[in-house]
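So this one's run.cif, mmCIF, C-alpha atoms and all ligand atoms:
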data_work
loop_
_atom_site.label_atom_id
_atom_site.label_comp_id
_atom_site.auth_asym_id
_atom_site.auth_seq_id
_atom_site.Cartn_x
_atom_site.Cartn_y
_atom_site.Cartn_z
CA MET I 268 113.76 86.41 134.08
CA ASP I 269 110.78 84.34 133.12
CA PHE I 270 107.47 85.84 132.07
CA LEU I 271 104.77 85.35 129.52
CA SER I 272 105.40 86.93 126.15
CA PRO I 273 103.02 89.73 125.15
CA PHE I 274 103.33 88.23 121.64
CA ARG I 275 102.47 84.66 122.62
CA LYS I 276 99.18 84.66 120.70
CA ALA I 277 101.06 85.11 117.43
CA VAL I 278 99.73 83.05 114.54
CA PHE I 279 100.90 82.67 110.98
CA HIS I 280 98.96 85.14 108.83
CA THR I 281 100.18 85.10 105.24
CA THR I 282 103.20 84.80 103.01
CA VAL I 283 103.83 87.60 100.52
CA ALA I 284 105.77 87.24 97.26
CA HIS I 285 104.40 90.38 95.53
CA LEU I 286 103.81 93.89 96.82
CA ARG I 287 100.16 93.70 95.78
CA ASP I 288 99.62 90.92 98.32
CA LEU I 289 100.72 92.95 101.36
CA PRO I 290 98.05 92.88 104.09
CA GLN I 291 95.75 95.90 103.91
CA ASP I 292 94.66 95.75 107.52
CA SER I 293 98.03 96.22 109.23
CA LEU I 294 98.24 99.08 111.73
CA ARG I 295 101.80 98.48 112.88
CA GLU I 296 104.41 95.94 111.93
CA VAL I 297 108.06 95.22 112.70
CA ALA I 298 110.29 93.48 110.17
CA PHE I 299 113.09 91.05 111.04
CA ALA I 300 116.02 91.25 108.63
CA GLY I 301 119.55 89.92 108.55
CA ARG I 302 121.93 87.60 106.77
CA SER I 303 120.78 84.09 105.98
CA ASN I 304 121.20 81.82 108.96
CA ALA I 305 121.68 84.74 111.39
CA GLY I 306 118.79 83.48 113.53
CA LYS I 307 115.81 85.59 112.42
CA SER I 308 113.21 82.84 112.59
CA SER I 309 114.63 81.54 115.87
CA ALA I 310 114.44 85.04 117.37
CA ILE I 311 110.78 85.34 116.33
CA ASN I 312 109.99 81.96 117.87
CA THR I 313 111.71 82.96 121.11
CA LEU I 314 109.96 86.32 121.26
CA VAL I 315 106.53 84.75 120.81
CA SER I 316 107.35 81.85 123.17
CA GLN I 317 106.54 79.24 120.56
CA THR I 318 108.89 76.62 119.25
CA ARG I 319 107.73 76.29 115.66
CA LEU I 320 105.90 79.44 114.54
CA ALA I 321 108.58 80.74 112.20
CA PHE I 322 110.36 78.01 110.30
CA VAL I 323 113.88 77.43 111.58
CA SER I 324 116.22 76.10 108.97
CA LYS I 325 119.50 74.29 108.86
CA THR I 326 119.70 75.26 105.18
CA PRO I 327 120.49 78.97 104.70
CA GLY I 328 118.11 80.95 102.54
CA ARG I 329 114.98 78.89 103.09
CA THR I 330 112.75 81.85 103.96
CA GLN I 331 112.22 83.41 100.51
CA ASN I 332 109.09 85.52 100.98
CA LEU I 333 107.79 88.02 103.52
CA ASN I 334 106.14 85.91 106.20
CA TYR I 335 103.53 87.72 108.26
CA PHE I 336 102.71 86.66 111.81
CA SER I 337 99.66 88.28 113.38
CA LEU I 338 99.95 89.43 116.99
CA GLY I 339 96.31 90.55 117.15
CA ASP I 340 94.79 94.04 116.95
CA GLY I 341 96.33 94.74 113.53
CA LYS I 342 99.93 94.24 114.72
CA PHE I 343 102.39 91.99 112.91
CA PHE I 344 105.91 90.58 112.92
CA VAL I 345 107.34 90.17 109.41
CA ASP I 346 110.10 87.61 108.79
CA LEU I 347 112.11 88.81 105.77
CA PRO I 348 114.22 86.67 103.43
CA GLY I 349 117.82 86.48 104.59
CA TYR I 350 120.40 88.28 102.51
CA GLY I 351 123.83 87.08 101.46
CA PHE I 352 122.54 83.86 100.02
CA ALA I 353 120.98 83.51 96.59
CA LYS I 354 121.71 81.42 93.57
CA THR I 355 122.30 84.16 90.99
CA PRO I 356 122.85 87.93 90.98
CA GLU I 357 119.61 88.29 88.95
CA GLU I 358 117.73 86.49 91.68
CA ILE I 359 119.09 88.87 94.33
CA ARG I 360 118.44 91.97 92.24
CA GLY I 361 114.98 90.91 91.19
CA ARG I 362 113.74 90.12 94.67
CA TRP I 363 115.38 93.22 96.12
CA GLU I 364 114.06 95.66 93.52
CA ASP I 365 110.59 94.20 93.15
CA LEU I 366 109.78 93.37 96.73
CA LEU I 367 112.22 94.14 99.53
CA ALA I 368 113.41 97.63 98.63
CA PRO I 369 109.95 99.10 98.05
CA TYR I 370 108.60 97.26 101.09
CA LEU I 371 111.30 98.62 103.41
CA LEU I 372 111.22 102.15 101.97
CA TYR I 373 107.51 102.76 101.53
CA ARG I 374 105.54 100.41 103.77
CA GLU I 375 103.65 102.80 106.02
CA PRO I 376 102.71 100.47 108.92
CA LEU I 377 106.38 99.40 109.21
CA THR I 378 107.51 101.07 112.45
CA GLY I 379 111.01 99.68 112.83
CA LEU I 380 113.55 97.10 111.73
CA ILE I 381 115.00 94.38 113.92
CA LEU I 382 118.35 93.51 112.36
CA ILE I 383 119.74 90.15 113.41
CA MET I 384 123.48 89.54 113.23
CA ASP I 385 125.31 86.39 114.26
CA CYS I 386 127.49 87.84 117.03
CA ARG I 387 130.46 85.87 115.76
CA HIS I 388 130.31 87.77 112.46
CA PRO I 389 128.63 91.13 113.13
CA MET I 390 128.55 94.22 110.92
CA THR I 391 129.37 92.61 107.59
CA ASP I 392 129.36 94.84 104.51
CA LEU I 393 125.81 93.75 103.73
CA ASP I 394 124.70 94.58 107.29
CA LYS I 395 126.26 98.03 106.99
CA GLN I 396 124.56 98.57 103.64
CA MET I 397 121.23 97.61 105.17
CA ILE I 398 121.73 100.01 108.11
CA ALA I 399 122.79 102.91 105.89
CA TRP I 400 120.02 102.20 103.46
CA PHE I 401 117.13 101.74 105.93
CA SER I 402 118.27 104.76 107.99
CA GLN I 403 117.04 106.92 105.09
CA THR I 404 113.49 106.16 106.17
CA GLY I 405 114.06 107.85 109.55
CA LYS I 406 112.63 104.72 111.22
CA PRO I 407 114.58 103.02 114.03
CA ILE I 408 116.79 99.92 113.78
CA HIS I 409 117.44 97.63 116.73
CA ILE I 410 120.27 95.12 116.28
CA LEU I 411 120.04 91.74 117.98
CA LEU I 412 123.51 90.23 118.22
CA SER I 413 122.29 86.67 118.11
CA LYS I 414 123.73 83.34 119.24
CA ALA I 415 125.36 85.15 122.20
CA ASP I 416 125.61 81.74 123.89
CA LYS I 417 128.45 80.94 121.47
CA LEU I 418 130.73 83.60 123.02
CA THR I 419 132.29 83.95 126.47
CA ARG I 420 131.48 87.07 128.51
CA GLN I 421 134.85 88.50 127.59
CA GLU I 422 134.33 87.85 123.89
CA GLN I 423 130.85 89.38 124.13
CA ALA I 424 132.20 92.59 125.68
CA LYS I 425 134.88 92.88 123.01
CA MET I 426 132.38 92.22 120.23
CA ILE I 427 129.97 94.88 121.54
CA ARG I 428 132.77 97.43 121.63
CA GLY I 429 133.55 96.57 118.02
CA VAL I 430 129.91 96.97 116.96
CA GLU I 431 129.63 100.30 118.76
CA ALA I 432 132.82 101.52 117.08
CA ALA I 433 131.58 100.43 113.66
CA LEU I 434 128.25 102.21 114.20
CA ALA I 435 130.03 105.36 115.37
CA GLU I 436 132.25 105.22 112.29
CA MET I 437 129.16 105.00 110.10
CA GLY I 438 127.84 108.12 111.77
CA VAL I 439 124.43 106.61 112.55
CA GLY I 440 122.59 108.50 115.25
CA THR I 441 120.36 107.41 118.08
CA GLY I 442 118.03 105.66 115.65
CA VAL I 443 120.24 102.56 115.77
CA SER I 444 120.60 100.52 118.96
CA ALA I 445 122.09 97.10 119.67
CA GLN I 446 122.00 94.34 122.28
CA LEU I 447 123.08 90.76 122.85
CA PHE I 448 120.52 88.04 122.23
CA SER I 449 120.36 84.28 122.49
CA SER I 450 117.38 82.30 121.35
CA LEU I 451 118.90 79.20 122.86
CA LYS I 452 119.34 80.68 126.36
CA ARG I 453 116.58 83.29 126.09
CA ASP I 454 119.13 85.99 126.95
CA GLY I 455 118.27 89.56 126.04
CA LEU I 456 114.57 88.75 125.74
CA ALA I 457 113.28 91.45 128.12
CA GLY I 458 115.25 94.22 126.39
CA ALA I 459 114.07 93.18 122.94
CA MET I 460 110.45 92.92 124.12
CA THR I 461 110.56 96.41 125.57
CA ILE I 462 111.67 97.86 122.24
CA LEU I 463 109.11 95.84 120.30
CA CYS I 464 106.23 96.81 122.60
CA ASP I 465 107.23 100.43 122.19
CA TRP I 466 107.32 100.22 118.39
CA LEU I 467 104.07 98.25 118.21
CA ASP I 468 102.31 100.41 120.78
CA MET I 469 101.70 97.44 123.04
CA THR I 470 102.01 97.53 126.82
CA PRO I 471 103.48 94.31 128.18
CA GLU I 472 101.45 94.62 131.43
CA LYS I 473 98.20 95.05 129.57
CA GLU I 474 98.71 92.80 126.57
CA GLY I 475 100.39 89.96 128.42
CA THR I 476 99.05 88.16 131.43
CA PRO I 477 101.67 88.35 134.16
CA PRO I 478 102.67 85.17 135.99
CA SER I 479 100.16 84.05 138.64
CA SER I 480 102.19 85.36 141.61
CA VAL I 481 102.21 88.86 140.11
CA ARG I 482 98.55 88.53 139.14
CA LYS I 483 97.53 87.81 142.75
CA THR I 484 99.37 90.87 144.09
CA ALA I 485 97.80 93.04 141.42
CA ARG I 486 94.30 91.87 142.32
CA ILE I 487 94.78 92.45 146.04
CA LYS I 488 96.19 95.93 145.46
CA ASN I 489 93.30 96.68 143.17
CA ARG I 490 90.73 95.68 145.82
CA SER I 491 92.16 97.95 148.47
CA ALA I 492 92.38 100.79 145.97
CA MET I 493 88.65 100.36 145.37
CA GLY I 494 87.98 100.22 149.12
CA TRP I 495 86.81 96.63 148.87
CA SER I 496 87.74 93.78 151.09
CA ALA I 497 85.96 90.59 152.15
CA ARG I 498 85.37 91.96 155.65
CA THR I 499 83.75 95.25 154.65
CA ALA I 500 81.60 93.80 151.88
CA LYS I 501 77.89 93.98 152.78
CA LYS I 502 76.90 90.72 151.14
CA PRO I 503 78.99 87.74 152.11
CA SER I 504 81.27 86.93 149.21
CA ALA I 505 81.67 83.44 147.90
CA ALA I 506 85.17 83.40 149.30
CA VAL I 507 84.04 84.33 152.86
CA SER I 508 81.03 82.04 153.01
CA SER I 509 82.86 79.05 151.60
CA GLY I 510 85.69 79.77 154.03
CA LYS I 511 83.32 79.56 157.04
CA LYS I 512 81.66 76.31 156.02
N1 LIG F 1 123.48 78.37 119.51
C1 LIG F 1 122.48 79.06 118.96
N2 LIG F 1 122.04 78.72 117.72
C2 LIG F 1 121.05 79.45 117.19
C3 LIG F 1 120.48 80.58 117.86
N3 LIG F 1 119.57 81.14 117.06
C4 LIG F 1 119.54 80.39 115.93
N4 LIG F 1 120.43 79.37 115.98
C5 LIG F 1 120.67 78.35 114.94
O1 LIG F 1 121.08 78.98 113.73
C6 LIG F 1 120.52 78.32 112.59
C7 LIG F 1 119.74 79.32 111.74
O2 LIG F 1 118.64 79.81 112.48
P1 LIG F 1 117.36 80.43 111.75
O3 LIG F 1 116.53 81.01 112.85
O4 LIG F 1 116.73 79.45 110.84
O5 LIG F 1 118.04 81.59 110.90
P2 LIG F 1 117.37 82.55 109.80
O6 LIG F 1 118.08 83.84 109.92
O7 LIG F 1 115.89 82.57 109.97
O8 LIG F 1 117.78 81.81 108.47
P3 LIG F 1 117.15 82.00 106.98
O9 LIG F 1 115.67 82.03 107.12
O10 LIG F 1 117.65 80.80 106.26
O11 LIG F 1 117.74 83.27 106.45
C8 LIG F 1 119.66 77.19 113.13
O12 LIG F 1 120.41 76.00 113.09
C9 LIG F 1 119.39 77.60 114.57
O13 LIG F 1 119.17 76.50 115.44
C10 LIG F 1 120.99 80.90 119.18
O14 LIG F 1 120.57 81.85 119.87
N5 LIG F 1 121.99 80.11 119.66
MG MG F 2 114.37 82.11 108.61
#
Could you spell out this file's structure in structure tokens?
Ligand SMILES: Nc1nc2c(ncn2[C@@H]2O[C@H](COP(=O)(O)OP(=O)(O)OP(=O)(O)O)[C@@H](O)[C@H]2O)c(=O)[nH]1
Ligand SMILES: [Mg+2]
Amino acid sequence: MDFLSPFRKAVFHTTVAHLRDLPQDSLREVAFAGRSNAGKSSAINTLVSQTRLAFVSKTPGRTQNLNYFSLGDGKFFVDLPGYGFAKTPEEIRGRWEDLLAPYLLYREPLTGLILIMDCRHPMTDLDKQMIAWFSQTGKPIHILLSKADKLTRQEQAKMIRGVEAALAEMGVGTGVSAQLFSSLKRDGLAGAMTILCDWLDMTPEKEGTPPSSVRKTARIKNRSAMGWSARTAKKPSAAVSSGKK
């Protein structure tokens, strides 16, 4: 399916290294978390239909701060530092305790967590810790099983069964959902957008401009609903008069 992203106007807003620098004007935001190199920045780029908004790295652990991308109207995507990659235990603990833990637990505008997992290595211990830990907030988690293009259909089906079993074993409720995703092939985009629009209180039809073919149909329907057509209009419309000349 090809359509315009409701998030396509996304622009870089700010980078946050300290809690005191968190934007004050956010109404709703969704954070993207996951292991280093899982594909967080790529997923953001795909969702906003831009190639280089969030920095995509060949070196794991490059995104060290909270990177805010504005979607307009006080809505934001937040690209979080990847976990599972840091130079020293102090570095991990410091960043987690000072910034990430309080952000994830207490940030009011945060409406949900998109958790990205490389589908070839899903549900690692760190992923499970993140799920168990964030679930305390009562806010939803949606898992994107990324790089789905790297698996065959059969491998994908098997992997999804494994993820579902692991989630069931953890005893997480309906607050955690999962789907396949590929930034490379743009697979799973519609499903992820539906969830994000719901969390961000955005309506894809209203916020995004549909493709021109859909737009035409919508306008025609709208005219008849209003009882308007070129033939019944009292004054000749530009379209009618130019058509006759
Ligand atoms: N084949 C394939 N490769 C992908 C996909 N998504 C991301 N990658 C690759 O995976 C690598 C890491 O992607 P990033 O988006 O930078 O990952 P990240 O989670 O933001 O990484 P950090 O910011 O370092 O934690 C890059 O080389 C991407 O090109 C995908 O859907 N398919
Ligand atoms: Mg990144």
CA of Gln423 in chain I to CA of Ser316 in chain I, straight-line distance in Å
24.7 Å
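If all atoms listed in the file are the atoms counted, then among I:Arg428, I:Lys276, I:Lys395, I:Arg362 the closest residue to Leu314 in chain I is I:Lys276.
When the distance limit is 6 Å and only C-alpha atoms are what count, the residues near Ser308 in chain I, minus those fewer than 2 positions from it on the same chain, are I:Gly306, I:Ala310, I:Ile311, I:Ala321, I:Val323.
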Neighbouring residues of ligand LIG 1 (chain F) are defined here as those with any atom at most 10 Å from a ligand atom, counting all atoms listed in the file; list them as number ranges by chain.
I: 299-313, 321-332, 346-352, 382-386, 412-418, 447-454
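Ranking I:Gly339, I:Gly438, I:Pro290, I:Gly361 by their shortest atom-to-atom distance to Leu377 in chain I, with all atoms listed in the file included, puts I:Pro290 first.
Shortest atom-to-atom contact with ligand MG 2 (chain F) among I:Val283, I:Val345, I:Met460, I:Val315: I:Val345, counting all atoms listed in the file.
In this structure, CA of Leu372 in chain I sits 6.2 Å away from CA of Thr404 in chain I.
In this model, the gap between CA of Leu380 in chain I and CA of Ile408 in chain I comes to 4.8 Å.
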Please provide as an MDAnalysis selection string all residues within 8 Å of Leu467 in chain I, with the sequence filter that same-chain residues fewer than 4 positions apart are discarded (counting all atoms listed in the file).
chainID I and resid 295:297 342 378 463
Would you list the residues near (127.6, 98.8, 115.7), meaning any protein, DNA or RNA residue with an atom at most 10 Å from that point in file coordinates, counting only C-alpha atoms, as a PyMOL selection string?
chain I and resi 389-390+394-395+398+410+412+426-437+439+443-446
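You can rank I:Thr441, I:Thr391, I:Gln421, I:Asn334 by their closest distance to ligand MG 2 (chain F) using all atoms listed in the file, and at the top of that list sits I:Asn334.
Residue nearest ligand MG 2 (chain F) within the list I:Arg360, I:Leu320, I:Gly379, I:Tyr373: I:Leu320 [criterion: smallest interatomic distance, all atoms listed in the file].
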Do a neighbour search on Asp340 in chain I at 10 Å with only C-alpha atoms, toss out local chain neighbours closer than 5 positions, and write the hits as a CSV table (one decimal) with C-alpha atoms, in the frame of the given file.
chain,number,residue,atom,x,y,z
I,292,ASP,CA,94.7,95.8,107.5
I,293,SER,CA,98.0,96.2,109.2
I,294,LEU,CA,98.2,99.1,111.7
I,295,ARG,CA,101.8,98.5,112.9
I,469,MET,CA,101.7,97.4,123.0
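The residue that comes closest to ligand MG 2 (chain F), out of I:Arg319, I:Arg275, I:Arg420, I:Gly341 and on the basis of all atoms listed in the file, is I:Arg319.
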Please supply range 355-390 of chain I, rebuilt with N, CA and C atoms, as a short mmCIF file (atom, residue, chain, number, x, y, z; two decimals), in the coordinates of the input.
data_model
loop_
_atom_site.label_atom_id
_atom_site.label_comp_id
_atom_site.auth_asym_id
_atom_site.auth_seq_id
_atom_site.Cartn_x
_atom_site.Cartn_y
_atom_site.Cartn_z
N THR I 355 121.72 83.33 92.05
CA THR I 355 122.30 84.16 90.99
C THR I 355 122.14 85.63 91.32
N PRO I 356 122.99 86.49 90.74
CA PRO I 356 122.85 87.93 90.98
C PRO I 356 121.48 88.45 90.54
N GLU I 357 120.93 87.85 89.45
CA GLU I 357 119.61 88.29 88.95
C GLU I 357 118.54 88.03 90.01
N GLU I 358 118.70 86.88 90.66
CA GLU I 358 117.73 86.49 91.68
C GLU I 358 117.76 87.51 92.83
N ILE I 359 118.97 87.90 93.24
CA ILE I 359 119.09 88.87 94.33
C ILE I 359 118.48 90.19 93.90
N ARG I 360 118.89 90.65 92.71
CA ARG I 360 118.44 91.97 92.24
C ARG I 360 116.93 92.01 92.05
N GLY I 361 116.41 90.96 91.46
CA GLY I 361 114.98 90.91 91.19
C GLY I 361 114.17 90.99 92.47
N ARG I 362 114.51 90.17 93.43
CA ARG I 362 113.74 90.12 94.67
C ARG I 362 113.89 91.43 95.44
N TRP I 363 115.11 91.99 95.40
CA TRP I 363 115.38 93.22 96.12
C TRP I 363 114.61 94.39 95.52
N GLU I 364 114.70 94.50 94.18
CA GLU I 364 114.06 95.66 93.52
C GLU I 364 112.55 95.55 93.50
N ASP I 365 112.04 94.34 93.31
CA ASP I 365 110.59 94.20 93.15
C ASP I 365 109.85 94.14 94.48
N LEU I 366 110.51 93.63 95.50
CA LEU I 366 109.78 93.37 96.73
C LEU I 366 110.41 94.04 97.96
N LEU I 367 111.65 93.70 98.25
CA LEU I 367 112.22 94.14 99.53
C LEU I 367 112.48 95.64 99.61
N ALA I 368 113.09 96.20 98.58
CA ALA I 368 113.41 97.63 98.63
C ALA I 368 112.15 98.48 98.75
N PRO I 369 111.15 98.28 97.87
CA PRO I 369 109.95 99.10 98.05
C PRO I 369 109.23 98.82 99.35
N TYR I 370 109.24 97.57 99.80
CA TYR I 370 108.60 97.26 101.09
C TYR I 370 109.27 98.06 102.21
N LEU I 371 110.59 97.97 102.30
CA LEU I 371 111.30 98.62 103.41
C LEU I 371 111.22 100.15 103.33
N LEU I 372 111.23 100.67 102.11
CA LEU I 372 111.22 102.15 101.97
C LEU I 372 109.83 102.75 102.15
N TYR I 373 108.82 102.09 101.63
CA TYR I 373 107.51 102.76 101.53
C TYR I 373 106.38 102.15 102.34
N ARG I 374 106.64 101.07 103.04
CA ARG I 374 105.54 100.41 103.77
C ARG I 374 105.17 101.25 105.00
N GLU I 375 104.02 101.87 104.94
CA GLU I 375 103.65 102.80 106.02
C GLU I 375 103.53 102.17 107.40
N PRO I 376 102.86 101.02 107.56
CA PRO I 376 102.71 100.47 108.92
C PRO I 376 104.03 99.97 109.52
N LEU I 377 105.09 99.88 108.70
CA LEU I 377 106.38 99.40 109.21
C LEU I 377 106.95 100.45 110.17
N THR I 378 107.07 100.07 111.46
CA THR I 378 107.51 101.07 112.45
C THR I 378 108.98 100.95 112.80
N GLY I 379 109.60 99.82 112.52
CA GLY I 379 111.01 99.68 112.83
C GLY I 379 111.55 98.36 112.30
N LEU I 380 112.88 98.28 112.27
CA LEU I 380 113.55 97.10 111.73
C LEU I 380 114.39 96.44 112.82
N ILE I 381 114.12 95.16 113.06
CA ILE I 381 115.00 94.38 113.92
C ILE I 381 116.03 93.72 113.00
N LEU I 382 117.28 94.04 113.22
CA LEU I 382 118.35 93.51 112.36
C LEU I 382 119.13 92.47 113.15
N ILE I 383 119.09 91.23 112.67
CA ILE I 383 119.74 90.15 113.41
C ILE I 383 121.12 89.89 112.81
N MET I 384 122.11 89.85 113.69
CA MET I 384 123.48 89.54 113.23
C MET I 384 124.04 88.43 114.11
N ASP I 385 124.59 87.41 113.50
CA ASP I 385 125.31 86.39 114.26
C ASP I 385 126.47 87.09 114.97
N CYS I 386 126.51 87.03 116.29
CA CYS I 386 127.49 87.84 117.03
C CYS I 386 128.92 87.41 116.77
N ARG I 387 129.10 86.27 116.12
CA ARG I 387 130.46 85.87 115.76
C ARG I 387 130.92 86.53 114.47
N HIS I 388 129.95 87.06 113.71
CA HIS I 388 130.31 87.77 112.46
C HIS I 388 129.43 89.01 112.31
N PRO I 389 129.54 89.98 113.22
CA PRO I 389 128.63 91.13 113.13
C PRO I 389 129.12 92.19 112.14
N MET I 390 128.22 93.05 111.73
CA MET I 390 128.55 94.22 110.92
C MET I 390 129.31 93.86 109.64
#
